[in-house]
file input17.pdb (PDB, C-alpha atoms, pLDDT in the B column)
ATOM      1  CA  GLY A   1     -39.940 -58.091 -18.212  1.00 58.00           C
ATOM      2  CA  GLU A   2     -43.649 -57.421 -18.616  1.00 57.00           C
ATOM      3  CA  HIS A   3     -43.905 -55.516 -15.364  1.00 53.00           C
ATOM      4  CA  THR A   4     -40.910 -53.343 -16.283  1.00 53.00           C
ATOM      5  CA  LYS A   5     -42.476 -52.485 -19.640  1.00 53.00           C
ATOM      6  CA  MET A   6     -45.673 -51.348 -17.927  1.00 53.00           C
ATOM      7  CA  MET A   7     -43.714 -49.193 -15.469  1.00 53.00           C
ATOM      8  CA  ASP A   8     -41.776 -47.592 -18.329  1.00 58.00           C
ATOM      9  CA  GLN A   9     -45.028 -46.859 -20.153  1.00 58.00           C
ATOM     10  CA  ASP A  10     -46.555 -45.374 -16.991  1.00 56.00           C
ATOM     11  CA  GLU A  11     -43.494 -43.176 -16.458  1.00 61.00           C
ATOM     12  CA  GLN A  12     -43.631 -42.007 -20.057  1.00 58.00           C
ATOM     13  CA  ALA A  13     -47.318 -41.203 -19.714  1.00 57.00           C
ATOM     14  CA  MET A  14     -46.649 -39.232 -16.520  1.00 56.00           C
ATOM     15  CA  ASP A  15     -43.765 -37.421 -18.197  1.00 56.00           C
ATOM     16  CA  MET A  16     -46.054 -36.493 -21.124  1.00 55.00           C
ATOM     17  CA  GLU A  17     -48.744 -35.165 -18.757  1.00 56.00           C
ATOM     18  CA  THR A  18     -46.164 -33.132 -16.859  1.00 55.00           C
ATOM     19  CA  PHE A  19     -44.705 -31.837 -20.126  1.00 51.00           C
ATOM     20  CA  GLN A  20     -48.122 -30.812 -21.408  1.00 55.00           C
ATOM     21  CA  GLU A  21     -49.033 -29.088 -18.130  1.00 54.00           C
ATOM     22  CA  GLU A  22     -45.769 -27.134 -18.050  1.00 55.00           C
ATOM     23  CA  ASP A  23     -46.070 -25.975 -21.675  1.00 55.00           C
ATOM     24  CA  ALA A  24     -49.700 -24.970 -21.418  1.00 59.00           C
ATOM     25  CA  THR A  25     -49.950 -21.203 -21.193  1.00 63.00           C
ATOM     26  CA  PRO A  26     -52.235 -20.034 -18.426  1.00 59.00           C
ATOM     27  CA  PRO A  27     -55.272 -18.010 -19.448  1.00 59.00           C
ATOM     28  CA  PRO A  28     -54.750 -14.254 -19.171  1.00 60.00           C
ATOM     29  CA  THR A  29     -55.655 -12.904 -15.780  1.00 62.00           C
ATOM     30  CA  HIS A  30     -56.597  -9.461 -17.115  1.00 59.00           C
ATOM     31  CA  PRO A  31     -58.352  -8.488 -20.312  1.00 58.00           C
ATOM     32  CA  GLN A  32     -56.178  -7.043 -23.036  1.00 59.00           C
ATOM     33  CA  GLN A  33     -56.262  -3.279 -23.088  1.00 59.00           C
ATOM     34  CA  SER A  34     -56.673  -1.642 -26.457  1.00 58.00           C
ATOM     35  CA  SER A  35     -54.979   1.672 -27.127  1.00 62.00           C
ATOM     36  CA  PRO A  36     -57.598   4.420 -27.082  1.00 70.00           C
ATOM     37  CA  GLY A  37     -55.989   6.537 -29.833  1.00 77.00           C
ATOM     38  CA  ILE A  38     -56.459  10.284 -30.127  1.00 76.00           C
ATOM     39  CA  PRO A  39     -59.851  11.558 -28.957  1.00 86.00           C
ATOM     40  CA  ILE A  40     -61.862  13.151 -31.763  1.00 88.00           C
ATOM     41  CA  SER A  41     -62.249  16.488 -29.965  1.00 86.00           C
ATOM     42  CA  THR A  42     -58.490  16.747 -29.422  1.00 84.00           C
ATOM     43  CA  PHE A  43     -57.828  15.889 -33.055  1.00 87.00           C
ATOM     44  CA  PHE A  44     -60.187  18.569 -34.380  1.00 89.00           C
ATOM     45  CA  SER A  45     -58.897  21.130 -31.883  1.00 86.00           C
ATOM     46  CA  LEU A  46     -55.339  20.578 -33.094  1.00 86.00           C
ATOM     47  CA  CYS A  47     -56.509  20.799 -36.715  1.00 90.00           C
ATOM     48  CA  PHE A  48     -58.253  24.087 -35.917  1.00 88.00           C
ATOM     49  CA  CYS A  49     -55.125  25.491 -34.242  1.00 87.00           C
ATOM     50  CA  THR A  50     -52.977  24.477 -37.212  1.00 89.00           C
ATOM     51  CA  MET A  51     -55.376  26.042 -39.712  1.00 91.00           C
ATOM     52  CA  THR A  52     -55.550  29.234 -37.640  1.00 88.00           C
ATOM     53  CA  TYR A  53     -51.770  29.510 -37.522  1.00 87.00           C
ATOM     54  CA  SER A  54     -51.535  28.905 -41.273  1.00 89.00           C
ATOM     55  CA  TYR A  55     -54.155  31.568 -41.927  1.00 88.00           C
ATOM     56  CA  LEU A  56     -52.327  34.093 -39.750  1.00 87.00           C
ATOM     57  CA  VAL A  57     -49.075  33.458 -41.610  1.00 87.00           C
ATOM     58  CA  ILE A  58     -50.445  33.470 -45.154  1.00 89.00           C
ATOM     59  CA  SER A  59     -53.362  35.904 -45.033  1.00 87.00           C
ATOM     60  CA  VAL A  60     -51.218  39.043 -45.175  1.00 88.00           C
ATOM     61  CA  PHE A  61     -49.492  38.245 -48.487  1.00 87.00           C
ATOM     62  CA  PRO A  62     -52.266  39.117 -50.978  1.00 87.00           C
ATOM     63  CA  TYR A  63     -52.909  42.610 -49.626  1.00 87.00           C
ATOM     64  CA  ALA A  64     -49.738  43.657 -47.780  1.00 89.00           C
ATOM     65  CA  ALA A  65     -48.369  45.732 -50.662  1.00 87.00           C
ATOM     66  CA  TYR A  66     -51.682  47.559 -51.108  1.00 89.00           C
ATOM     67  CA  MET A  67     -51.878  48.169 -47.373  1.00 90.00           C
ATOM     68  CA  VAL A  68     -48.359  49.603 -47.365  1.00 91.00           C
ATOM     69  CA  VAL A  69     -49.098  51.941 -50.272  1.00 89.00           C
ATOM     70  CA  ASN A  70     -52.148  53.238 -48.383  1.00 90.00           C
ATOM     71  CA  LEU A  71     -50.410  53.579 -45.003  1.00 91.00           C
ATOM     72  CA  VAL A  72     -46.929  54.824 -45.916  1.00 91.00           C
ATOM     73  CA  ASP A  73     -46.819  58.184 -47.687  1.00 88.00           C
ATOM     74  CA  SER A  74     -43.382  57.655 -49.214  1.00 87.00           C
ATOM     75  CA  ALA A  75     -44.138  54.132 -50.475  1.00 85.00           C
ATOM     76  CA  ASN A  76     -44.826  53.478 -54.133  1.00 83.00           C
ATOM     77  CA  GLN A  77     -45.050  50.367 -56.273  1.00 81.00           C
ATOM     78  CA  ASP A  78     -41.248  50.030 -56.337  1.00 84.00           C
ATOM     79  CA  THR A  79     -40.670  50.310 -52.574  1.00 86.00           C
ATOM     80  CA  ALA A  80     -43.834  48.663 -51.272  1.00 88.00           C
ATOM     81  CA  GLY A  81     -42.238  45.198 -51.387  1.00 88.00           C
ATOM     82  CA  SER A  82     -39.664  46.040 -48.720  1.00 90.00           C
ATOM     83  CA  TYR A  83     -42.294  47.422 -46.374  1.00 91.00           C
ATOM     84  CA  ALA A  84     -44.600  44.475 -47.054  1.00 91.00           C
ATOM     85  CA  GLY A  85     -41.773  42.011 -46.350  1.00 91.00           C
ATOM     86  CA  LEU A  86     -41.094  43.698 -43.032  1.00 92.00           C
ATOM     87  CA  LEU A  87     -44.790  43.541 -42.217  1.00 91.00           C
ATOM     88  CA  ALA A  88     -44.928  39.814 -43.014  1.00 90.00           C
ATOM     89  CA  SER A  89     -41.712  38.911 -41.167  1.00 92.00           C
ATOM     90  CA  CYS A  90     -42.712  40.840 -38.065  1.00 92.00           C
ATOM     91  CA  PHE A  91     -45.169  38.025 -37.252  1.00 91.00           C
ATOM     92  CA  HIS A  92     -42.406  35.403 -37.067  1.00 92.00           C
ATOM     93  CA  PHE A  93     -40.145  37.702 -35.089  1.00 94.00           C
ATOM     94  CA  GLY A  94     -42.909  38.040 -32.497  1.00 93.00           C
ATOM     95  CA  ILE A  95     -43.225  34.258 -32.306  1.00 92.00           C
ATOM     96  CA  PHE A  96     -39.452  33.941 -31.930  1.00 94.00           C
ATOM     97  CA  LEU A  97     -39.410  36.278 -28.945  1.00 95.00           C
ATOM     98  CA  THR A  98     -42.519  34.996 -27.151  1.00 93.00           C
ATOM     99  CA  ALA A  99     -42.707  31.221 -27.834  1.00 93.00           C
ATOM    100  CA  VAL A 100     -40.829  30.248 -24.677  1.00 95.00           C
ATOM    101  CA  LYS A 101     -43.076  32.431 -22.526  1.00 95.00           C
ATOM    102  CA  TRP A 102     -46.183  30.868 -24.089  1.00 93.00           C
ATOM    103  CA  GLY A 103     -44.737  27.429 -23.298  1.00 94.00           C
ATOM    104  CA  GLN A 104     -44.062  28.430 -19.702  1.00 96.00           C
ATOM    105  CA  ALA A 105     -47.607  29.762 -19.405  1.00 95.00           C
ATOM    106  CA  ALA A 106     -48.908  26.433 -20.747  1.00 94.00           C
ATOM    107  CA  ASP A 107     -46.873  24.575 -18.121  1.00 95.00           C
ATOM    108  CA  LEU A 108     -48.198  26.840 -15.385  1.00 96.00           C
ATOM    109  CA  TYR A 109     -51.870  27.239 -16.365  1.00 95.00           C
ATOM    110  CA  GLY A 110     -52.465  24.230 -18.624  1.00 92.00           C
ATOM    111  CA  ARG A 111     -52.423  23.736 -22.376  1.00 89.00           C
ATOM    112  CA  VAL A 112     -56.143  24.143 -22.910  1.00 88.00           C
ATOM    113  CA  VAL A 113     -56.328  27.481 -21.117  1.00 92.00           C
ATOM    114  CA  VAL A 114     -53.332  28.862 -23.007  1.00 92.00           C
ATOM    115  CA  LEU A 115     -54.608  27.601 -26.375  1.00 89.00           C
ATOM    116  CA  LYS A 116     -57.987  29.230 -25.798  1.00 89.00           C
ATOM    117  CA  ALA A 117     -56.350  32.472 -24.694  1.00 92.00           C
ATOM    118  CA  SER A 118     -53.964  32.572 -27.652  1.00 90.00           C
ATOM    119  CA  LEU A 119     -56.716  31.803 -30.174  1.00 89.00           C
ATOM    120  CA  SER A 120     -58.946  34.485 -28.670  1.00 90.00           C
ATOM    121  CA  LEU A 121     -56.120  37.027 -28.708  1.00 92.00           C
ATOM    122  CA  SER A 122     -55.269  36.082 -32.291  1.00 90.00           C
ATOM    123  CA  ALA A 123     -58.843  36.724 -33.380  1.00 89.00           C
ATOM    124  CA  PHE A 124     -58.991  40.085 -31.614  1.00 93.00           C
ATOM    125  CA  ILE A 125     -55.567  41.233 -32.820  1.00 92.00           C
ATOM    126  CA  SER A 126     -56.333  40.161 -36.405  1.00 90.00           C
ATOM    127  CA  VAL A 127     -59.304  42.532 -36.412  1.00 91.00           C
ATOM    128  CA  LEU A 128     -57.088  45.298 -35.026  1.00 93.00           C
ATOM    129  CA  PHE A 129     -54.572  44.626 -37.789  1.00 92.00           C
ATOM    130  CA  GLY A 130     -57.271  44.983 -40.420  1.00 89.00           C
ATOM    131  CA  PHE A 131     -58.211  48.420 -39.077  1.00 93.00           C
ATOM    132  CA  ALA A 132     -54.641  49.664 -38.571  1.00 93.00           C
ATOM    133  CA  PRO A 133     -54.547  53.441 -39.176  1.00 94.00           C
ATOM    134  CA  THR A 134     -50.735  53.685 -39.525  1.00 94.00           C
ATOM    135  CA  TYR A 135     -47.894  51.484 -40.696  1.00 93.00           C
ATOM    136  CA  GLY A 136     -46.262  51.541 -37.229  1.00 94.00           C
ATOM    137  CA  PHE A 137     -49.490  50.367 -35.613  1.00 95.00           C
ATOM    138  CA  ALA A 138     -49.802  47.601 -38.226  1.00 94.00           C
ATOM    139  CA  LEU A 139     -46.228  46.458 -37.461  1.00 94.00           C
ATOM    140  CA  ALA A 140     -46.871  46.450 -33.699  1.00 95.00           C
ATOM    141  CA  VAL A 141     -50.134  44.541 -34.045  1.00 94.00           C
ATOM    142  CA  ARG A 142     -48.648  42.024 -36.498  1.00 92.00           C
ATOM    143  CA  PHE A 143     -45.799  41.471 -34.027  1.00 93.00           C
ATOM    144  CA  CYS A 144     -48.356  40.693 -31.293  1.00 91.00           C
ATOM    145  CA  LEU A 145     -50.184  38.146 -33.419  1.00 84.00           C
TER     146      LEU A 145
END
call {"tool": "encode", "arguments": {"input": "input17.pdb", "output": "structure tokens"}}
result
Amino acid sequence: GEHTKMMDQDEQAMDMETFQEEDATPPPTHPQQSSPGIPISTFFSLCFCTMTYSYLVISVFPYAAYMVVNLVDSANQDTAGSYAGLLASCFHFGIFLTAVKWGQAADLYGRVVVLKASLSLSAFISVLFGFAPTYGFALAVRFCL
């Protein structure tokens, strides 16, 4: 009797030790990696690109009608809106036709190189647009933006 009770208690104690060892989670073998997030320079570069694009789209609206009246001899206050609308929409038509090629260039040469090139070209072409001597030249330059 007494000996059997002690053996049962010993077996229970061994079972408890085994149970505790099996359930114990091992310490991690590698430190937890935290996600780095977006680098600050990348974030501000993307913000700059977005603001530049927005400026290129919106900047023409306040003065397009006045520009048309000065550049097109047959334009007056009644017809300037049609010419100004064409001038504004020409920008998006240029994007529509060239976006895939810009993407292919980014795949070939790298995103950073293509972003720098497109921002530089946008700055240069915007100045050309401001000094456009004719309506046709203004349309062509706005298309290239």
call {"tool": "atom_distance", "arguments": {"input": "input17.pdb", "atom1": "CA of Phe43 (chain A)", "atom2": "CA of Phe91 (chain A)"}}
result
25.8 Å
call {"tool": "residues_around", "arguments": {"input": "input17.pdb", "residues": "His92 (chain A)", "least_positions_apart": "4", "cutoff": "8 Å", "atoms": "all atoms listed in the file", "output": "list in words"}}
result
Ala88, Phe96 and Phe143 of chain A
call {"tool": "closest_residue", "arguments": {"input": "input17.pdb", "among": "A:Ile40, A:Ser122, A:Tyr53, A:Leu87", "to": "Val68 (chain A)", "atoms": "all atoms listed in the file"}}
result
A:Leu87
call {"tool": "residues_around", "arguments": {"input": "input17.pdb", "residues": "Leu71 (chain A)", "least_positions_apart": "3", "cutoff": "7 Å", "atoms": "only C-alpha atoms", "output": "PyMOL selection string"}}
result
chain A and resi 67-68+134-135
call {"tool": "write_last_selection", "arguments": {"input": "input17.pdb", "atoms": "C-alpha atoms", "output": "mmCIF file, in the coordinates of the input"}}
result
data_model
loop_
_atom_site.group_PDB
_atom_site.id
_atom_site.type_symbol
_atom_site.label_atom_id
_atom_site.label_comp_id
_atom_site.auth_asym_id
_atom_site.auth_seq_id
_atom_site.Cartn_x
_atom_site.Cartn_y
_atom_site.Cartn_z
ATOM 1 C CA MET A 67 -51.878 48.169 -47.373
ATOM 2 C CA VAL A 68 -48.359 49.603 -47.365
ATOM 3 C CA THR A 134 -50.735 53.685 -39.525
ATOM 4 C CA TYR A 135 -47.894 51.484 -40.696
#
call {"tool": "closest_residue", "arguments": {"input": "input17.pdb", "among": "A:Cys49, A:Val100, A:Ile58, A:Val141", "to": "Ser118 (chain A)", "atoms": "all atoms listed in the file"}}
result
A:Cys49
